[in-house]
Amino acid sequence: MNKLGLPIAIVALLVSIGSFFYLQSSSDLVYVDVNKLLDGYKRTKIVKAEFDKKATTLKANVDSLLTGWQKELKSYEKERSSLSKKELELKKEILANKQQQINNYQQAVQRQLQEEDKKVTQTVVNDINDFVKEYGKKHQYKVIFGATGSGTIMYGEKGADLTEEILEQLNAEFEGK
């Protein structure tokens with residue numbers, strides 16, 4: 001009796017493990033292409049257009065200041081021979097200070113644009129993450145992986161890719177449908 005108990009226990013264990021994996025639905029493990037979601041989400045395009053408009057305005061301000069400074073520099077170079085030593089030094093100092101102010105402003109604009117870009121991108125990413133989380137709960141998925149093209153998911157069956165379905169519903173929700 002003892003000789004049969006061990007093989008029966010091993011067979012029972014193997015059957016239970018096999019049935020666990022057999023009954024485990026492969027649709028529990030699905031993924032989305034995060035880059036496609038970001039690119040295809042309509043809110044991304046709107047936010048990017050608003051950001052680009054603001055960036056263009058700020059960059060135009062910097063360009064305008066630079067153009068003004070360059071005109072003053074050319075004027076200085078033309079007048080240089082007719083100015084006294086004291087006037088030359090004063091003019092040089094004024095131009096140097098103006099250049100420094102423009103450089104500081106340009107750096108501040110770049111920092112501001114980087115921060116705003118990061119902020120609006122994070123807002124869009126949060127929208128997508130919240131939607132995918134609710135989508136997963138609603139459809140009873142155990143795991144939804146995010147593929148980013150950097151090796152997080154090297155292969156997935158086409159049937160396990162929810163990107164298009166989620167993107168369609170995400171955009172419908174954004175448009176209020």
# chains A, B, ... in the order shown; residues from 1 in each chain; ligands from 1
>>> residues_around(residues="stretch 173-176 of chain A", least_positions_apart="5", cutoff="10 Å", atoms="only C-alpha atoms", output="compact mmCIF listing (two decimals) with all heavy atoms, in the first residue's frame")
# COMPACT_ATOMS: atom_id res chain seq x y z
N TYR A 41 -4.11 58.76 -28.55
CA TYR A 41 -5.08 59.39 -27.65
C TYR A 41 -5.32 60.82 -28.11
O TYR A 41 -4.39 61.61 -28.23
CB TYR A 41 -4.55 59.33 -26.22
CG TYR A 41 -5.47 59.83 -25.14
CD1 TYR A 41 -6.85 59.79 -25.26
CD2 TYR A 41 -4.93 60.34 -23.96
CE1 TYR A 41 -7.67 60.24 -24.25
CE2 TYR A 41 -5.76 60.79 -22.94
CZ TYR A 41 -7.13 60.74 -23.09
OH TYR A 41 -7.94 61.20 -22.08
N LYS A 42 -6.56 61.17 -28.35
CA LYS A 42 -6.88 62.49 -28.88
C LYS A 42 -6.51 63.62 -27.92
O LYS A 42 -6.15 64.71 -28.36
CB LYS A 42 -8.35 62.56 -29.25
CG LYS A 42 -8.67 61.68 -30.44
CD LYS A 42 -10.11 61.72 -30.84
CE LYS A 42 -10.31 60.79 -32.03
NZ LYS A 42 -11.69 60.70 -32.44
N ARG A 43 -6.58 63.37 -26.65
CA ARG A 43 -6.20 64.42 -25.70
C ARG A 43 -4.72 64.76 -25.82
O ARG A 43 -4.32 65.90 -25.62
CB ARG A 43 -6.53 64.00 -24.26
CG ARG A 43 -6.19 65.11 -23.28
CD ARG A 43 -6.74 64.88 -21.91
NE ARG A 43 -6.45 66.06 -21.10
CZ ARG A 43 -6.31 66.03 -19.81
NH1 ARG A 43 -6.47 64.90 -19.16
NH2 ARG A 43 -6.04 67.13 -19.14
N ASP A 127 -4.23 59.96 -17.08
CA ASP A 127 -5.54 59.67 -17.68
C ASP A 127 -5.55 58.25 -18.26
O ASP A 127 -6.49 57.48 -18.03
CB ASP A 127 -5.86 60.64 -18.82
CG ASP A 127 -6.39 61.97 -18.35
OD1 ASP A 127 -6.55 62.16 -17.13
OD2 ASP A 127 -6.64 62.83 -19.22
N PHE A 131 -7.67 55.00 -16.91
CA PHE A 131 -8.61 54.34 -17.79
C PHE A 131 -8.29 52.85 -17.90
O PHE A 131 -9.19 52.01 -17.82
CB PHE A 131 -8.61 54.98 -19.19
CG PHE A 131 -9.62 54.35 -20.10
CD1 PHE A 131 -10.93 54.79 -20.09
CD2 PHE A 131 -9.28 53.29 -20.92
CE1 PHE A 131 -11.88 54.19 -20.91
CE2 PHE A 131 -10.22 52.69 -21.74
CZ PHE A 131 -11.53 53.14 -21.74
N LEU A 167 -7.67 52.07 -26.87
CA LEU A 167 -7.52 53.39 -27.48
C LEU A 167 -8.86 53.91 -27.99
O LEU A 167 -9.20 55.08 -27.79
CB LEU A 167 -6.50 53.33 -28.61
CG LEU A 167 -6.15 54.64 -29.29
CD1 LEU A 167 -5.63 55.66 -28.28
CD2 LEU A 167 -5.12 54.41 -30.38
N GLU A 168 -9.61 53.04 -28.62
CA GLU A 168 -10.93 53.42 -29.14
C GLU A 168 -11.84 53.87 -28.00
O GLU A 168 -12.49 54.92 -28.07
CB GLU A 168 -11.53 52.21 -29.86
CG GLU A 168 -12.72 52.52 -30.72
CD GLU A 168 -13.16 51.27 -31.48
OE1 GLU A 168 -12.37 50.77 -32.31
OE2 GLU A 168 -14.29 50.81 -31.22
>>> select_by_dssp(residues="stretch 49-146 of chain A", states="strand (DSSP E or B)", output="MDAnalysis selection string")
chainID A and resid 143:146
>>> atom_distance(atom1="atom CA of A:Gln122", atom2="atom CA of A:Val47")
11.1 Å
>>> closest_residue(among="A:Phe51, A:Tyr135, A:Tyr76, A:Trp69", to="A:Glu165", atoms="only C-alpha atoms")
A:Tyr135
>>> closest_residue(among="A:Glu116, A:Leu66, A:Gln99, A:Ser75", to="A:Lys54", atoms="only C-alpha atoms")
A:Glu116
>>> residues_around(residues="stretch 137-140 of chain A", least_positions_apart="2", cutoff="12 Å", atoms="only C-alpha atoms", output="PDB file with C-alpha atoms, in the first residue's frame")
ATOM      1  CA  SER A  25      -7.201  31.550 -19.135  1.00  0.00           C
ATOM      2  CA  SER A  27      -6.673  36.116 -21.678  1.00  0.00           C
ATOM      3  CA  ASP A  28      -5.846  36.960 -18.057  1.00  0.00           C
ATOM      4  CA  LEU A  29      -2.476  38.174 -19.275  1.00  0.00           C
ATOM      5  CA  VAL A  30      -2.838  40.923 -21.836  1.00  0.00           C
ATOM      6  CA  ASP A 130      -6.617  55.429 -14.754  1.00  0.00           C
ATOM      7  CA  PHE A 131      -8.609  54.339 -17.795  1.00  0.00           C
ATOM      8  CA  VAL A 132      -6.625  51.118 -18.246  1.00  0.00           C
ATOM      9  CA  LYS A 133      -7.013  50.338 -14.536  1.00  0.00           C
ATOM     10  CA  GLU A 134     -10.799  50.723 -14.726  1.00  0.00           C
ATOM     11  CA  TYR A 135     -10.892  48.827 -18.017  1.00  0.00           C
ATOM     12  CA  LYS A 142      -5.677  39.961 -13.663  1.00  0.00           C
ATOM     13  CA  VAL A 143      -2.785  41.769 -15.334  1.00  0.00           C
ATOM     14  CA  ILE A 144      -2.471  44.283 -18.164  1.00  0.00           C
ATOM     15  CA  LEU A 162      -5.697  45.343 -26.194  1.00  0.00           C
ATOM     16  CA  ILE A 166      -8.549  50.488 -25.248  1.00  0.00           C
TER      17      ILE A 166
END
>>> atom_distance(atom1="atom CA of A:Lys59", atom2="atom CA of A:Gln114")
12.9 Å
>>> atom_distance(atom1="atom CA of A:Ile46", atom2="atom CA of A:Val120")
10.6 Å
>>> select_by_dssp(residues="stretch 13-170 of chain A", states="helix (DSSP H, G or I)", output="number ranges by chain")
A: 13-23, 26-28, 34-40, 42-82, 85-138, 158-160, 163-170
>>> closest_residue(among="A:Ile128, A:Thr148, A:Ser84, A:Leu113", to="A:Gln169", atoms="only C-alpha atoms")
A:Ile128
>>> decode(residues="stretch 105-119 of chain A", atoms="all heavy atoms", output="short mmCIF file (atom, residue, chain, number, x, y, z; two decimals), in the first residue's frame")
data_model
loop_
_atom_site.label_atom_id
_atom_site.label_comp_id
_atom_site.auth_asym_id
_atom_site.auth_seq_id
_atom_site.Cartn_x
_atom_site.Cartn_y
_atom_site.Cartn_z
N TYR A 105 16.89 84.96 -19.16
CA TYR A 105 15.49 84.81 -19.56
C TYR A 105 15.31 83.57 -20.43
O TYR A 105 14.37 82.80 -20.24
CB TYR A 105 15.02 86.07 -20.30
CG TYR A 105 13.60 85.99 -20.79
CD1 TYR A 105 12.54 86.02 -19.89
CD2 TYR A 105 13.31 85.89 -22.14
CE1 TYR A 105 11.22 85.94 -20.33
CE2 TYR A 105 12.00 85.81 -22.59
CZ TYR A 105 10.96 85.84 -21.69
OH TYR A 105 9.67 85.76 -22.13
N GLN A 106 16.23 83.38 -21.36
CA GLN A 106 16.17 82.21 -22.25
C GLN A 106 16.24 80.91 -21.45
O GLN A 106 15.48 79.97 -21.69
CB GLN A 106 17.30 82.28 -23.27
CG GLN A 106 17.24 81.25 -24.36
CD GLN A 106 18.31 81.48 -25.41
OE1 GLN A 106 19.37 82.06 -25.14
NE2 GLN A 106 18.05 81.03 -26.62
N GLN A 107 17.13 80.85 -20.47
CA GLN A 107 17.24 79.65 -19.63
C GLN A 107 15.97 79.45 -18.80
O GLN A 107 15.51 78.31 -18.63
CB GLN A 107 18.46 79.76 -18.72
CG GLN A 107 19.77 79.63 -19.47
CD GLN A 107 20.98 79.94 -18.60
OE1 GLN A 107 20.86 80.29 -17.44
NE2 GLN A 107 22.16 79.81 -19.18
N ALA A 108 15.40 80.54 -18.30
CA ALA A 108 14.17 80.44 -17.52
C ALA A 108 13.02 79.92 -18.39
O ALA A 108 12.22 79.09 -17.95
CB ALA A 108 13.81 81.79 -16.91
N VAL A 109 12.96 80.40 -19.62
CA VAL A 109 11.93 79.94 -20.55
C VAL A 109 12.11 78.45 -20.83
O VAL A 109 11.13 77.69 -20.83
CB VAL A 109 11.96 80.77 -21.86
CG1 VAL A 109 11.17 80.09 -22.97
CG2 VAL A 109 11.43 82.18 -21.61
N GLN A 110 13.34 78.03 -21.05
CA GLN A 110 13.60 76.61 -21.32
C GLN A 110 13.19 75.74 -20.13
O GLN A 110 12.58 74.68 -20.30
CB GLN A 110 15.07 76.38 -21.67
CG GLN A 110 15.44 76.89 -23.03
CD GLN A 110 16.94 76.81 -23.31
OE1 GLN A 110 17.75 76.66 -22.39
NE2 GLN A 110 17.31 76.93 -24.58
N ARG A 111 13.53 76.19 -18.92
CA ARG A 111 13.14 75.43 -17.72
C ARG A 111 11.61 75.36 -17.61
O ARG A 111 11.04 74.31 -17.30
CB ARG A 111 13.74 76.06 -16.47
CG ARG A 111 15.16 75.66 -16.18
CD ARG A 111 15.60 76.07 -14.77
NE ARG A 111 15.43 77.50 -14.50
CZ ARG A 111 16.31 78.44 -14.80
NH1 ARG A 111 17.44 78.11 -15.40
NH2 ARG A 111 16.07 79.71 -14.52
N GLN A 112 10.96 76.50 -17.83
CA GLN A 112 9.51 76.56 -17.74
C GLN A 112 8.87 75.61 -18.76
O GLN A 112 7.95 74.87 -18.42
CB GLN A 112 9.02 77.98 -17.99
CG GLN A 112 7.50 78.12 -17.94
CD GLN A 112 7.03 79.52 -18.30
OE1 GLN A 112 7.83 80.44 -18.50
NE2 GLN A 112 5.73 79.68 -18.39
N LEU A 113 9.38 75.61 -19.97
CA LEU A 113 8.83 74.72 -21.00
C LEU A 113 9.06 73.26 -20.66
O LEU A 113 8.17 72.42 -20.86
CB LEU A 113 9.42 75.06 -22.37
CG LEU A 113 8.97 76.39 -22.99
CD1 LEU A 113 9.73 76.68 -24.27
CD2 LEU A 113 7.47 76.38 -23.23
N GLN A 114 10.22 72.93 -20.13
CA GLN A 114 10.49 71.55 -19.74
C GLN A 114 9.55 71.10 -18.63
O GLN A 114 9.01 69.99 -18.67
CB GLN A 114 11.94 71.39 -19.28
CG GLN A 114 12.95 71.44 -20.40
CD GLN A 114 14.39 71.46 -19.89
OE1 GLN A 114 14.65 71.74 -18.73
NE2 GLN A 114 15.33 71.17 -20.78
N GLU A 115 9.35 71.97 -17.65
CA GLU A 115 8.46 71.63 -16.53
C GLU A 115 7.02 71.47 -17.01
O GLU A 115 6.32 70.54 -16.60
CB GLU A 115 8.54 72.70 -15.44
CG GLU A 115 9.83 72.68 -14.66
CD GLU A 115 10.00 73.88 -13.74
OE1 GLU A 115 9.01 74.60 -13.48
OE2 GLU A 115 11.14 74.10 -13.26
N GLU A 116 6.57 72.38 -17.87
CA GLU A 116 5.20 72.30 -18.37
C GLU A 116 5.01 71.08 -19.25
O GLU A 116 3.97 70.43 -19.19
CB GLU A 116 4.82 73.58 -19.11
CG GLU A 116 4.57 74.73 -18.17
CD GLU A 116 4.00 75.96 -18.87
OE1 GLU A 116 3.22 75.80 -19.83
OE2 GLU A 116 4.35 77.06 -18.45
N ASP A 117 6.02 70.76 -20.07
CA ASP A 117 5.93 69.57 -20.92
C ASP A 117 5.82 68.32 -20.05
O ASP A 117 4.99 67.45 -20.30
CB ASP A 117 7.16 69.49 -21.83
CG ASP A 117 7.10 68.31 -22.78
OD1 ASP A 117 6.00 68.02 -23.30
OD2 ASP A 117 8.15 67.68 -23.01
N LYS A 118 6.63 68.26 -19.02
CA LYS A 118 6.61 67.12 -18.10
C LYS A 118 5.24 67.03 -17.41
O LYS A 118 4.67 65.95 -17.29
CB LYS A 118 7.72 67.31 -17.06
CG LYS A 118 7.94 66.15 -16.15
CD LYS A 118 9.14 66.45 -15.24
CE LYS A 118 9.34 65.38 -14.20
NZ LYS A 118 10.47 65.69 -13.32
N LYS A 119 4.71 68.17 -17.00
CA LYS A 119 3.44 68.21 -16.29
C LYS A 119 2.28 67.76 -17.18
O LYS A 119 1.47 66.92 -16.78
CB LYS A 119 3.20 69.64 -15.78
CG LYS A 119 1.96 69.83 -14.96
CD LYS A 119 1.92 71.26 -14.43
CE LYS A 119 0.52 71.74 -14.23
NZ LYS A 119 0.45 73.15 -13.86
#
